[in-house]
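The data block below is coords-v4.tsv; it holds TSV, C-alpha atoms and all ligand atoms.
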```tsv
chain	number	residue	atom	x	y	z
A	5	MET	CA	23.80	-2.51	14.56
A	6	ALA	CA	25.51	-3.75	11.43
A	7	GLY	CA	24.22	-4.17	7.90
A	8	GLY	CA	21.87	-2.06	5.81
A	9	THR	CA	18.58	-2.15	4.01
A	10	GLN	CA	17.98	-5.29	1.90
A	11	THR	CA	17.28	-4.60	-1.76
A	12	ASN	CA	16.20	-6.81	-4.67
A	13	ASN	CA	18.75	-7.57	-7.39
A	14	PHE	CA	17.23	-5.49	-10.15
A	15	ASN	CA	16.65	-1.88	-9.25
A	16	ASP	CA	17.85	-1.36	-5.70
A	17	THR	CA	14.29	-0.92	-4.45
A	18	PRO	CA	14.41	-1.84	-0.75
A	19	THR	CA	12.55	-5.07	0.04
A	20	GLN	CA	12.88	-4.83	3.79
A	21	LEU	CA	12.59	-1.85	6.08
A	22	ARG	CA	15.06	-1.43	8.94
A	23	LEU	CA	13.00	0.05	11.72
A	24	ALA	CA	13.27	1.12	15.37
A	25	VAL	CA	10.42	1.63	17.83
A	26	ILE	CA	10.67	4.29	20.55
A	27	GLY	CA	8.31	3.69	23.48
A	28	ALA	CA	7.61	0.30	25.03
A	29	GLY	CA	5.00	1.31	27.60
A	30	TYR	CA	1.36	0.21	27.57
A	31	TRP	CA	0.77	0.47	23.79
A	32	GLY	CA	4.34	0.08	22.45
A	33	PRO	CA	4.43	-3.76	22.73
A	34	ASN	CA	1.47	-4.03	20.30
A	35	ILE	CA	3.28	-1.97	17.68
A	36	ILE	CA	6.57	-3.77	18.39
A	37	ARG	CA	4.92	-7.20	17.94
A	38	ASN	CA	3.40	-6.24	14.60
A	39	PHE	CA	6.65	-4.88	13.16
A	40	PHE	CA	8.62	-7.81	14.62
A	41	ASP	CA	6.26	-10.34	13.00
A	42	ASN	CA	6.30	-8.66	9.58
A	43	ARG	CA	8.78	-10.27	7.20
A	44	GLU	CA	9.18	-7.06	5.25
A	45	CYS	CA	10.43	-5.32	8.35
A	46	ASP	CA	13.70	-5.80	10.19
A	47	LEU	CA	13.01	-4.55	13.70
A	48	VAL	CA	16.55	-3.62	14.68
A	49	ALA	CA	16.02	-1.61	17.88
A	50	VAL	CA	13.51	-0.84	20.60
A	51	CYS	CA	14.17	2.19	22.78
A	52	ASP	CA	12.62	3.18	26.08
A	53	ARG	CA	14.21	5.37	28.73
A	54	ASP	CA	12.59	3.16	31.35
A	55	ALA	CA	14.70	-0.02	31.54
A	56	LYS	CA	11.87	-1.89	33.30
A	57	ARG	CA	9.67	-1.52	30.21
A	58	LEU	CA	12.39	-3.08	28.04
A	59	SER	CA	12.84	-5.95	30.49
A	60	GLN	CA	9.10	-6.76	30.18
A	61	LEU	CA	9.26	-7.33	26.40
A	62	PRO	CA	8.92	-10.94	25.19
A	63	ALA	CA	12.16	-12.92	25.58
A	64	GLN	CA	12.50	-13.52	21.82
A	65	ILE	CA	12.42	-9.76	21.13
A	66	GLN	CA	14.90	-9.08	23.93
A	67	ARG	CA	17.25	-11.67	22.36
A	68	GLN	CA	16.97	-10.57	18.73
A	69	VAL	CA	16.57	-6.80	18.93
A	70	THR	CA	18.98	-4.15	20.23
A	71	LEU	CA	17.52	-2.52	23.35
A	72	LEU	CA	18.36	1.14	23.92
A	73	ASP	CA	17.56	3.67	26.62
A	74	ASP	CA	18.49	6.79	24.64
A	75	ALA	CA	16.57	7.76	21.51
A	76	SER	CA	19.51	9.75	20.11
A	77	ARG	CA	21.24	6.40	19.41
A	78	VAL	CA	18.38	5.57	17.03
A	79	PHE	CA	18.66	8.88	15.19
A	80	GLU	CA	22.45	8.59	14.88
A	81	ASP	CA	22.27	5.15	13.25
A	82	SER	CA	22.23	5.77	9.51
A	83	SER	CA	21.34	2.11	8.80
A	84	ILE	CA	17.88	2.67	10.33
A	85	ASP	CA	15.35	3.69	7.66
A	86	ALA	CA	12.27	4.32	9.76
A	87	VAL	CA	11.17	5.07	13.31
A	88	ALA	CA	7.86	4.37	15.07
A	89	ILE	CA	7.16	6.74	17.98
A	90	VAL	CA	4.88	5.25	20.63
A	91	THR	CA	5.61	7.58	23.52
A	92	ASP	CA	3.54	10.02	25.61
A	93	ILE	CA	1.90	12.58	23.38
A	94	ASP	CA	3.90	15.52	24.82
A	95	SER	CA	7.06	14.02	23.36
A	96	HIS	CA	5.77	13.36	19.82
A	97	ARG	CA	6.85	16.68	18.30
A	98	VAL	CA	10.45	16.58	19.61
A	99	LEU	CA	11.05	12.92	18.75
A	100	ALA	CA	9.40	13.13	15.31
A	101	GLU	CA	11.41	16.26	14.48
A	102	ALA	CA	14.65	14.53	15.45
A	103	ALA	CA	13.77	11.40	13.45
A	104	LEU	CA	12.80	13.34	10.31
A	105	THR	CA	15.89	15.55	10.58
A	106	ALA	CA	17.96	12.36	10.74
A	107	GLY	CA	16.36	11.28	7.44
A	108	LYS	CA	13.99	8.56	8.70
A	109	HIS	CA	10.42	7.77	7.67
A	110	VAL	CA	8.30	8.34	10.77
A	111	PHE	CA	5.20	6.69	12.21
A	112	VAL	CA	3.71	8.52	15.23
A	113	GLU	CA	0.97	7.15	17.45
A	114	LYS	CA	-2.22	9.19	17.75
A	115	PRO	CA	-2.56	12.09	18.18
A	116	LEU	CA	0.21	13.35	15.88
A	117	ALA	CA	1.10	16.17	18.29
A	118	THR	CA	-0.49	18.38	20.94
A	119	SER	CA	-1.16	21.34	18.60
A	120	ALA	CA	-2.06	21.79	14.95
A	121	GLU	CA	0.89	24.16	14.68
A	122	ASP	CA	3.26	21.35	15.67
A	123	CYS	CA	1.54	18.98	13.21
A	124	LEU	CA	2.02	21.50	10.40
A	125	PHE	CA	5.65	22.03	11.39
A	126	LEU	CA	6.30	18.28	11.26
A	127	GLY	CA	4.38	17.93	8.00
A	128	LYS	CA	6.42	20.64	6.29
A	129	LEU	CA	9.62	19.10	7.64
A	130	SER	CA	8.65	15.70	6.23
A	131	GLN	CA	8.13	17.33	2.83
A	132	GLN	CA	11.51	19.06	3.00
A	133	VAL	CA	13.36	15.87	3.85
A	134	LYS	CA	11.15	13.80	1.48
A	135	LYS	CA	10.21	11.22	4.10
A	136	HIS	CA	6.80	9.85	5.00
A	137	LEU	CA	5.10	11.00	8.19
A	138	MET	CA	2.17	8.80	9.18
A	139	VAL	CA	-0.10	9.04	12.22
A	140	GLY	CA	-1.55	5.94	13.92
A	141	HIS	CA	-5.28	6.60	13.53
A	142	THR	CA	-5.76	2.89	14.16
A	143	PHE	CA	-9.49	2.67	13.47
A	144	ILE	CA	-9.06	3.91	9.91
A	145	TYR	CA	-7.27	0.58	9.31
A	146	ASN	CA	-10.06	-1.43	10.93
A	147	PRO	CA	-11.87	-3.54	8.29
A	148	ALA	CA	-15.21	-2.90	10.09
A	149	VAL	CA	-14.78	0.87	9.74
A	150	ALA	CA	-13.98	0.38	6.05
A	151	HIS	CA	-17.19	-1.66	5.75
A	152	LEU	CA	-19.12	1.03	7.60
A	153	LYS	CA	-17.86	3.62	5.12
A	154	GLN	CA	-18.86	1.41	2.17
A	155	THR	CA	-22.33	0.87	3.68
A	156	ILE	CA	-23.11	4.56	4.12
A	157	SER	CA	-21.78	5.36	0.63
A	158	LYS	CA	-24.37	3.12	-1.07
A	159	PRO	CA	-27.56	4.66	-2.52
A	160	ASP	CA	-29.65	2.24	-0.37
A	161	PHE	CA	-28.45	4.06	2.75
A	162	GLY	CA	-29.88	7.36	1.55
A	163	GLU	CA	-28.44	10.63	2.79
A	164	THR	CA	-26.15	10.35	5.82
A	165	LEU	CA	-27.70	12.46	8.59
A	166	TYR	CA	-25.73	12.08	11.84
A	167	LEU	CA	-23.65	9.72	13.94
A	168	HIS	CA	-23.14	9.07	17.60
A	169	ALA	CA	-20.22	7.25	19.12
A	170	GLN	CA	-19.53	5.79	22.54
A	171	ARG	CA	-16.08	4.77	23.78
A	172	LEU	CA	-16.61	3.79	27.40
A	173	ASN	CA	-15.01	1.51	29.98
A	174	LEU	CA	-13.98	1.34	33.62
A	175	GLY	CA	-10.29	2.30	33.22
A	176	ARG	CA	-7.59	2.49	31.97
A	177	LEU	CA	-7.20	5.57	34.17
A	178	GLN	CA	-4.93	8.18	32.59
A	179	VAL	CA	-3.04	10.76	34.59
A	180	ARG	CA	-1.45	13.00	31.94
A	181	VAL	CA	-4.00	13.13	29.18
A	182	ASN	CA	-7.77	13.58	29.35
A	183	ALA	CA	-10.49	11.45	27.71
A	184	LEU	CA	-10.67	13.88	24.79
A	185	TRP	CA	-7.04	13.44	23.70
A	186	SER	CA	-6.84	9.80	24.74
A	187	LEU	CA	-10.21	8.39	23.55
A	188	ALA	CA	-12.25	10.89	21.52
A	189	VAL	CA	-9.30	11.26	19.13
A	190	HIS	CA	-10.29	7.85	17.67
A	191	ASP	CA	-13.92	8.84	17.05
A	192	VAL	CA	-13.01	12.25	15.63
A	193	ALA	CA	-10.78	10.45	13.12
A	194	ILE	CA	-13.63	8.01	12.33
A	195	ALA	CA	-16.19	10.83	11.89
A	196	LEU	CA	-13.93	12.77	9.51
A	197	GLU	CA	-13.23	9.60	7.53
A	198	LEU	CA	-16.92	8.61	7.28
A	199	PHE	CA	-18.32	12.04	6.46
A	200	ASP	CA	-15.42	13.04	4.20
A	201	GLU	CA	-16.04	16.56	5.40
A	202	LEU	CA	-14.43	18.78	8.02
A	203	PRO	CA	-16.57	20.01	10.93
A	204	SER	CA	-16.85	23.78	11.21
A	205	SER	CA	-17.51	24.01	14.95
A	206	VAL	CA	-17.38	21.91	18.09
A	207	SER	CA	-18.81	22.06	21.56
A	208	ALA	CA	-17.53	19.90	24.39
A	209	THR	CA	-18.41	19.35	28.00
A	210	GLY	CA	-16.84	17.03	30.51
A	211	HIS	CA	-15.68	16.61	34.05
A	212	ALA	CA	-12.67	15.45	36.05
A	213	TYR	CA	-14.16	13.14	38.67
A	214	ILE	CA	-11.07	11.18	39.69
A	215	LEU	CA	-7.96	13.31	39.17
A	216	PRO	CA	-8.23	17.10	39.36
A	217	GLY	CA	-7.73	18.68	35.92
A	218	VAL	CA	-7.93	15.42	33.92
A	219	GLU	CA	-11.42	15.04	32.44
A	220	ASP	CA	-12.38	11.36	32.59
A	221	VAL	CA	-15.77	11.93	30.92
A	222	THR	CA	-16.35	14.06	27.81
A	223	PHE	CA	-19.29	14.73	25.49
A	224	VAL	CA	-18.26	16.27	22.17
A	225	SER	CA	-20.58	17.55	19.42
A	226	LEU	CA	-19.20	18.25	15.97
A	227	HIS	CA	-21.20	20.35	13.50
A	228	PHE	CA	-20.53	19.98	9.78
A	229	PRO	CA	-21.27	22.58	7.07
A	230	SER	CA	-23.65	20.12	5.31
A	231	GLY	CA	-25.82	19.91	8.45
A	232	LYS	CA	-24.47	16.54	9.58
A	233	MET	CA	-23.68	16.10	13.27
A	234	ALA	CA	-21.40	13.78	15.21
A	235	HIS	CA	-21.81	13.26	18.94
A	236	ILE	CA	-19.02	11.49	20.80
A	237	HIS	CA	-19.22	10.24	24.39
A	238	THR	CA	-15.99	9.05	25.98
A	239	SER	CA	-15.26	7.90	29.50
A	240	TRP	CA	-13.01	5.64	31.54
A	241	LEU	CA	-15.50	5.88	34.39
A	242	ASP	CA	-18.34	3.72	33.11
A	243	PRO	CA	-19.62	0.27	34.16
A	244	GLN	CA	-19.70	-1.13	30.62
A	245	LYS	CA	-17.07	-1.57	27.96
A	246	ARG	CA	-18.66	-0.05	24.89
A	247	ARG	CA	-17.14	0.97	21.58
A	248	GLN	CA	-19.98	1.74	19.26
A	249	VAL	CA	-20.68	4.03	16.34
A	250	THR	CA	-24.26	4.42	15.07
A	251	VAL	CA	-24.77	6.18	11.75
A	252	VAL	CA	-28.28	7.26	10.79
A	253	GLY	CA	-29.20	7.70	7.15
A	254	SER	CA	-32.41	8.82	5.48
A	255	ARG	CA	-33.22	5.23	4.35
A	256	GLN	CA	-31.11	2.92	6.56
A	257	MET	CA	-29.25	2.94	9.85
A	258	VAL	CA	-26.08	1.07	10.78
A	259	VAL	CA	-24.41	0.16	14.07
A	260	TYR	CA	-20.71	-0.67	14.27
A	261	ASP	CA	-19.94	-2.51	17.50
A	262	ASP	CA	-16.20	-2.93	17.91
A	263	VAL	CA	-16.61	-5.13	21.00
A	264	SER	CA	-18.85	-7.70	19.30
A	265	LEU	CA	-17.06	-10.74	17.90
A	266	ASP	CA	-19.61	-11.77	15.27
A	267	GLN	CA	-21.86	-8.73	14.73
A	268	LYS	CA	-19.41	-5.90	14.19
A	269	ILE	CA	-21.73	-4.28	11.65
A	270	VAL	CA	-25.52	-4.47	11.72
A	271	ILE	CA	-27.48	-2.67	9.00
A	272	TYR	CA	-31.10	-1.81	9.83
A	273	ASP	CA	-33.55	-1.24	7.03
A	274	LYS	CA	-35.39	1.27	9.19
A	275	GLY	CA	-36.50	4.81	8.62
A	276	ILE	CA	-39.36	7.25	8.48
A	277	ASP	CA	-41.00	7.46	5.05
A	278	LYS	CA	-43.21	10.19	3.68
A	279	VAL	CA	-46.13	8.46	1.90
A	280	LEU	CA	-49.31	9.59	0.19
A	281	LYS	CA	-52.55	9.17	2.11
A	282	ASP	CA	-54.48	7.67	-0.82
A	283	GLY	CA	-51.47	5.67	-1.94
A	284	SER	CA	-52.08	6.43	-5.59
A	285	LYS	CA	-50.42	9.66	-6.64
A	286	PRO	CA	-46.69	9.70	-7.41
A	287	GLU	CA	-46.37	13.36	-6.31
A	288	PHE	CA	-48.09	15.13	-3.45
A	289	GLN	CA	-49.27	18.71	-3.78
A	290	ASN	CA	-49.69	19.86	-0.21
A	291	PHE	CA	-49.21	18.83	3.41
A	292	SER	CA	-52.66	17.27	3.84
A	293	GLU	CA	-51.93	14.68	1.13
A	294	PHE	CA	-49.11	12.79	2.85
A	295	GLN	CA	-48.27	11.21	6.16
A	296	TYR	CA	-45.16	9.85	7.86
A	297	LEU	CA	-44.83	6.10	8.34
A	298	ILE	CA	-42.26	4.35	10.47
A	299	ARG	CA	-40.63	1.58	8.43
A	300	THR	CA	-39.05	-1.32	10.31
A	301	GLY	CA	-37.61	-3.72	7.79
A	302	ASP	CA	-34.91	-6.41	7.90
A	303	MET	CA	-31.61	-6.41	9.72
A	304	HIS	CA	-28.52	-7.44	7.79
A	305	ILE	CA	-25.27	-8.64	9.37
A	306	PRO	CA	-22.56	-8.70	6.70
A	307	HIS	CA	-19.62	-11.05	6.99
A	308	ILE	CA	-16.42	-9.10	7.55
A	309	SER	CA	-13.13	-10.87	7.11
A	310	PHE	CA	-11.26	-9.42	10.01
A	311	THR	CA	-7.54	-8.69	10.14
A	312	GLU	CA	-5.96	-7.06	13.17
A	313	PRO	CA	-6.09	-3.29	12.43
A	314	LEU	CA	-2.54	-2.80	13.74
A	315	LYS	CA	-1.32	-5.40	11.24
A	316	VAL	CA	-3.00	-3.47	8.42
A	317	GLU	CA	-1.71	-0.16	9.78
A	318	THR	CA	1.92	-1.25	10.23
A	319	GLN	CA	1.90	-2.96	6.80
A	320	HIS	CA	0.64	0.30	5.27
A	321	PHE	CA	3.52	2.22	6.87
A	322	ILE	CA	6.01	-0.33	5.54
A	323	ASP	CA	4.42	-0.11	2.07
A	324	CYS	CA	4.71	3.69	2.11
A	325	ALA	CA	8.31	3.63	3.28
A	326	LEU	CA	9.21	1.02	0.64
A	327	GLY	CA	7.80	3.31	-2.04
A	328	ARG	CA	4.56	1.44	-2.82
A	329	HIS	CA	2.24	4.36	-1.98
A	330	PRO	CA	2.75	8.04	-2.73
A	331	LYS	CA	1.46	9.00	0.73
A	332	PRO	CA	-0.02	7.39	3.84
A	333	LYS	CA	-3.78	7.13	4.17
A	334	THR	CA	-3.42	8.81	7.56
A	335	GLY	CA	-0.64	11.25	6.82
A	336	TRP	CA	0.28	14.45	8.61
A	337	GLU	CA	-2.59	16.36	6.95
A	338	GLU	CA	-5.18	14.01	8.51
A	339	GLY	CA	-3.25	14.14	11.79
A	340	CYS	CA	-3.36	17.94	11.67
A	341	GLN	CA	-7.10	18.02	10.97
A	342	VAL	CA	-7.90	15.75	13.92
A	343	VAL	CA	-5.67	17.78	16.25
A	344	SER	CA	-7.33	21.03	15.05
A	345	VAL	CA	-10.70	19.56	16.12
A	346	LEU	CA	-9.30	18.40	19.48
A	347	GLU	CA	-7.73	21.80	20.18
A	348	ALA	CA	-11.05	23.59	19.55
A	349	ALA	CA	-12.88	20.97	21.66
A	350	GLN	CA	-10.43	21.56	24.51
A	351	VAL	CA	-11.18	25.32	24.39
A	352	SER	CA	-14.92	24.59	24.46
A	353	LEU	CA	-14.43	22.16	27.36
A	354	GLN	CA	-12.63	24.83	29.36
A	355	LYS	CA	-15.36	27.39	28.56
A	356	GLY	CA	-18.24	25.22	29.71
A	357	GLY	CA	-19.29	23.86	26.31
A	358	ILE	CA	-19.70	27.00	24.19
A	359	PRO	CA	-19.48	26.30	20.43
A	360	VAL	CA	-15.98	27.02	19.12
A	361	GLN	CA	-15.17	27.54	15.43
A	362	ILE	CA	-12.44	25.16	14.28
A	363	GLN	CA	-9.43	26.79	12.63
A	364	TYR	CA	-7.69	24.53	10.11
A	365	LEU	CA	-4.13	25.35	9.19
A	366	LEU	CA	-4.47	23.40	5.96
A	367	GLY	CA	-7.84	24.32	4.46
A	368	GLU	CA	-9.78	21.52	2.82
A	369	LYS	CA	-9.14	17.80	3.30
A	370	VAL	CA	-6.13	16.80	1.24
A	371	SER	CA	-6.92	13.70	-0.79
A	401	LIG	N1	-3.93	3.37	18.77
A	401	LIG	C1	-4.40	3.05	19.95
A	401	LIG	O1	-5.44	2.40	20.08
A	401	LIG	C2	-3.64	3.49	21.18
A	401	LIG	C3	-3.97	2.95	22.42
A	401	LIG	C4	-3.24	3.39	23.53
A	401	LIG	C5	-2.25	4.35	23.38
A	401	LIG	N2	-1.99	4.87	22.16
A	401	LIG	C6	-0.96	5.92	21.99
A	401	LIG	O2	0.33	5.35	22.19
A	401	LIG	C7	1.20	6.35	22.73
A	401	LIG	C8	1.82	5.82	24.02
A	401	LIG	O3	0.78	5.61	24.96
A	401	LIG	P1	0.98	4.60	26.18
A	401	LIG	O4	-0.35	4.47	26.80
A	401	LIG	O5	1.73	3.40	25.74
A	401	LIG	O6	1.93	5.48	27.14
A	401	LIG	P2	2.89	4.91	28.28
A	401	LIG	O7	3.16	6.07	29.18
A	401	LIG	O8	2.37	3.65	28.86
A	401	LIG	O9	4.23	4.54	27.50
A	401	LIG	C9	5.06	5.50	26.91
A	401	LIG	C10	6.50	4.96	26.98
A	401	LIG	O10	7.33	5.86	26.27
A	401	LIG	C11	8.57	5.99	26.99
A	401	LIG	N3	9.18	7.27	26.60
A	401	LIG	C12	8.63	8.51	26.70
A	401	LIG	N4	9.47	9.44	26.20
A	401	LIG	C13	10.58	8.77	25.79
A	401	LIG	C14	11.81	9.18	25.19
A	401	LIG	N5	12.08	10.47	24.92
A	401	LIG	N6	12.72	8.23	24.89
A	401	LIG	C15	12.48	6.92	25.16
A	401	LIG	N7	11.33	6.47	25.73
A	401	LIG	C16	10.40	7.39	26.04
A	401	LIG	C17	8.15	5.95	28.45
A	401	LIG	O11	9.24	5.55	29.28
A	401	LIG	C18	7.05	4.90	28.43
A	401	LIG	O12	7.53	3.59	28.67
A	401	LIG	C19	0.36	7.62	22.91
A	401	LIG	O13	0.52	8.43	21.78
A	401	LIG	C20	-1.08	7.07	22.96
A	401	LIG	O14	-2.04	8.02	22.54
A	401	LIG	C21	-2.65	4.43	21.06
```

Kindly present the structure from the file in structure tokens form.
Amino acid sequence: MAGGTQTNNFNDTPTQLRLAVIGAGYWGPNIIRNFFDNRECDLVAVCDRDAKRLSQLPAQIQRQVTLLDDASRVFEDSSIDAVAIVTDIDSHRVLAEAALTAGKHVFVEKPLATSAEDCLFLGKLSQQVKKHLMVGHTFIYNPAVAHLKQTISKPDFGETLYLHAQRLNLGRLQVRVNALWSLAVHDVAIALELFDELPSSVSATGHAYILPGVEDVTFVSLHFPSGKMAHIHTSWLDPQKRRQVTVVGSRQMVVYDDVSLDQKIVIYDKGIDKVLKDGSKPEFQNFSEFQYLIRTGDMHIPHISFTEPLKVETQHFIDCALGRHPKPKTGWEEGCQVVSVLEAAQVSLQKGGIPVQIQYLLGEKVS
């Protein structure tokens, strides 16, 4: 791999990022395509220890990109500025450590690692070597989730009370990772982003119906210090493909349907209002003076200009690595918080759903 990072003529700020992707399995090709198509990125290498995976990449990528079967070749190449790790989650810590130690900016697919301790280790290492470490919490880069956050932040929505999420389908069956670490990770990241608050405890139940020891169905409840709740149902053993988040506020309610093409967000002007019985007094004095009325108002479907979330996500990583942002929106701190929740949920799952306090290694959300 010859050459080096392209710079502009004025101040040596890099204008193109030389990047390698490790992992070309099920998800890798999506990340590879987005970096390959981005003109600010020079995708110089794709590595997978399984040669068959490399041979299944599009012909143009096979022609133009160096294909490697050993990740150490990526780390040894000093002309590579950044590495995207899209491998099985057990390998994230080792590969990210090697990439950071070799002085690369690092993107790691979700979840950042299998323990909060490993996330913290990687985060501190990234600070020592002064390189960005970003985790692929894809839905945070989804324009519909951004719109959802805007909607619930408006005074019209009232106070945010709770959310429930469903991420269901028949397949893709996983053999090494359960529905919590494979699917619920997305909704935990969404809940933390929307509520801007860290849950204090979690309870989780689930069952392994297909493969012993690998829960294919999980129900997770997060409890937040403010009284908010998030309930997350995940399964790859369900007749319907559903990816929905419903957020209930004191004045409005909103449904985000990721599967819908034209109604990704629907805002319902619905709620239960406390009104005076005589309709005249601005303040009520006691219980007998008011009643509860169900309000069913209009539905609003906002137009959302949609860009592929992975395009937004990979562009954000490039922007960070090229020095345009001080830190990634989903950096190692956010990765560590999500993994802390998943670890506590896993304990609860194994103990039949008892509430488990979540220990954060970082304290409050780092902004
Ligand atoms: N953001 C999303 O929506 C999304 C969706 C699916 C998967 N993912 C994530 O993507 C990652 C990969 O998942 P997947 O389903 O593609 O897994 P996969 O098993 O299909 O693919 C992983 C690939 O990594 C390769 N690999 C593993 N260790 C390696 C090493 N040391 N050196 C070189 N190659 C190595 C394997 O040979 C395999 O081809 C996981 O972190 C997963 O959570 C994210």

- Would you list the residues that come within 8 Å of ligand LIG 401 (chain A)? Count all atoms listed in the file and give the answer as a PyMOL selection string. chain A and resi 26-32+51-54+57+73-75+89-93+95-96+99+112-116+140-143+185-186+190

Using all atoms listed in the file, which residues of region 333-355 of chain A come within 9 Å of region 220-228 of chain A, and what is the closest atom pair for each, with the distance in Å to one decimal? Give it as CSV, sorted by chain and residue number.
```
residue,atom,partner,partner_atom,distance
A:Val345,CA,A:Leu226,CA,8.6
A:Ala349,CA,A:Val224,CA,7.2
A:Leu353,CA,A:Thr222,CA,8.3
```

- Non-local contacts of Asp302 (chain A) (8 Å; only C-alpha atoms; under 3 positions in same chain excluded) as a list in words: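 Near neighbours after the sequence-gap exclusion: Tyr272, Asp273 and Lys274 of chain A.
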
- Task: Find the distance between CA of Ile65 (chain A) and CA of Phe40 (chain A) and write it in Å to one decimal.
- Result: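 Distance reported for this atom pair: 7.8 Å.
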
- Mind giving me the straight-line distance from CA of Leu172 (chain A) to CA of Glu197 (chain A) in Å, one decimal?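 Between these atoms lies a distance of 21.0 Å.
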
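Minimum atom-to-atom distances from A:Lys232, A:His109, A:Lys128, A:His151 to Ser309 (chain A) were compared using all atoms listed in the file, and the lowest value belongs to A:His151.
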
- From the set A:Ala169, A:Tyr213, A:His329, A:Gln154, which residue has the shortest atom-to-atom contact distance to Asn182 (chain A), counting all atoms listed in the file?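 Nearest candidate to Asn182 (chain A) out of A:Ala169, A:Tyr213, A:His329, A:Gln154: A:Tyr213.
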
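Shell of Asp85 (chain A) at 8 Å, with only C-alpha atoms counted and residues fewer than 4 places along the chain excluded, is A:Thr9, A:Leu21, A:Arg22, A:Leu23, A:Gly107, A:Lys108, A:His109.
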
- Message: Neighbouring residues of Leu202 (chain A) were defined as those with any atom within 12 Å, considering only C-alpha atoms; residues of the same chain fewer than 2 positions away were excluded. Please report them as JSON, numbers by chain.
- Response: {"A": [192, 193, 194, 195, 196, 197, 198, 199, 200, 204, 205, 206, 226, 227, 228, 229, 230, 231, 232, 233, 234, 338, 340, 341, 342, 344, 345, 361, 362, 363, 364, 366, 367, 368, 369, 370]}

- Item | Gap from CA of Ile36 (chain A) to CA of Ile84 (chain A) - Å, one decimal |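 Separating CA of Ile36 (chain A) from CA of Ile84 (chain A) is a distance of 15.3 Å.
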
- Task: Pick out the closest residue to Ser352 (chain A) from this set: A:Gly210, A:Pro216, A:Pro203, A:Pro330. Count all atoms listed in the file.
- Result: A:Gly210

- Write out as number ranges by chain each polymer residue whose atoms come within 8 Å of region 253-267 of chain A, counting all atoms listed in the file; drop sequence neighbours fewer than 4 positions from it. A: 148-149, 152, 156, 160-166, 245-249, 271-276, 305

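With only C-alpha atoms as the basis for measurement, A:Gln20 is the residue among A:Gln131, A:Thr300, A:Gln20, A:Thr311 that approaches Asp46 (chain A) most closely.
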
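Between Met138 (chain A) and the candidates A:Lys331, A:Thr105, A:Phe111, A:Ile308, the tightest atom-to-atom separation, counting all atoms listed in the file, involves A:Phe111.
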
Glu44 (chain A) environment, 12 Å, all atoms listed in the file, sequence neighbours closer than 4 positions dropped, as a CSV table (one decimal) with C-alpha atoms, in the frame of the given file:
```
chain,number,residue,atom,x,y,z
A,9,THR,CA,18.6,-2.2,4.0
A,10,GLN,CA,18.0,-5.3,1.9
A,11,THR,CA,17.3,-4.6,-1.8
A,18,PRO,CA,14.4,-1.8,-0.8
A,19,THR,CA,12.6,-5.1,0.0
A,20,GLN,CA,12.9,-4.8,3.8
A,21,LEU,CA,12.6,-1.8,6.1
A,22,ARG,CA,15.1,-1.4,8.9
A,23,LEU,CA,13.0,0.0,11.7
A,38,ASN,CA,3.4,-6.2,14.6
A,39,PHE,CA,6.6,-4.9,13.2
A,40,PHE,CA,8.6,-7.8,14.6
A,318,THR,CA,1.9,-1.2,10.2
A,319,GLN,CA,1.9,-3.0,6.8
A,320,HIS,CA,0.6,0.3,5.3
A,321,PHE,CA,3.5,2.2,6.9
A,322,ILE,CA,6.0,-0.3,5.5
A,323,ASP,CA,4.4,-0.1,2.1
A,325,ALA,CA,8.3,3.6,3.3
A,326,LEU,CA,9.2,1.0,0.6
```

- Query: Which polymer residues, protein or nucleic acid, are no farther than 10 Å from (13.7, 15.7, 8.7), counting all atoms listed in the file, as a ChimeraX atom specification?
  - Reply: /A:100-110,126-137

- Task: Could you check which of A:Leu167, A:Val270, A:Ala88, A:Cys324 is closest to His304 (chain A), using all atoms listed in the file?
- Result: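 Ranked by minimum distance to His304 (chain A), first place goes to A:Val270.
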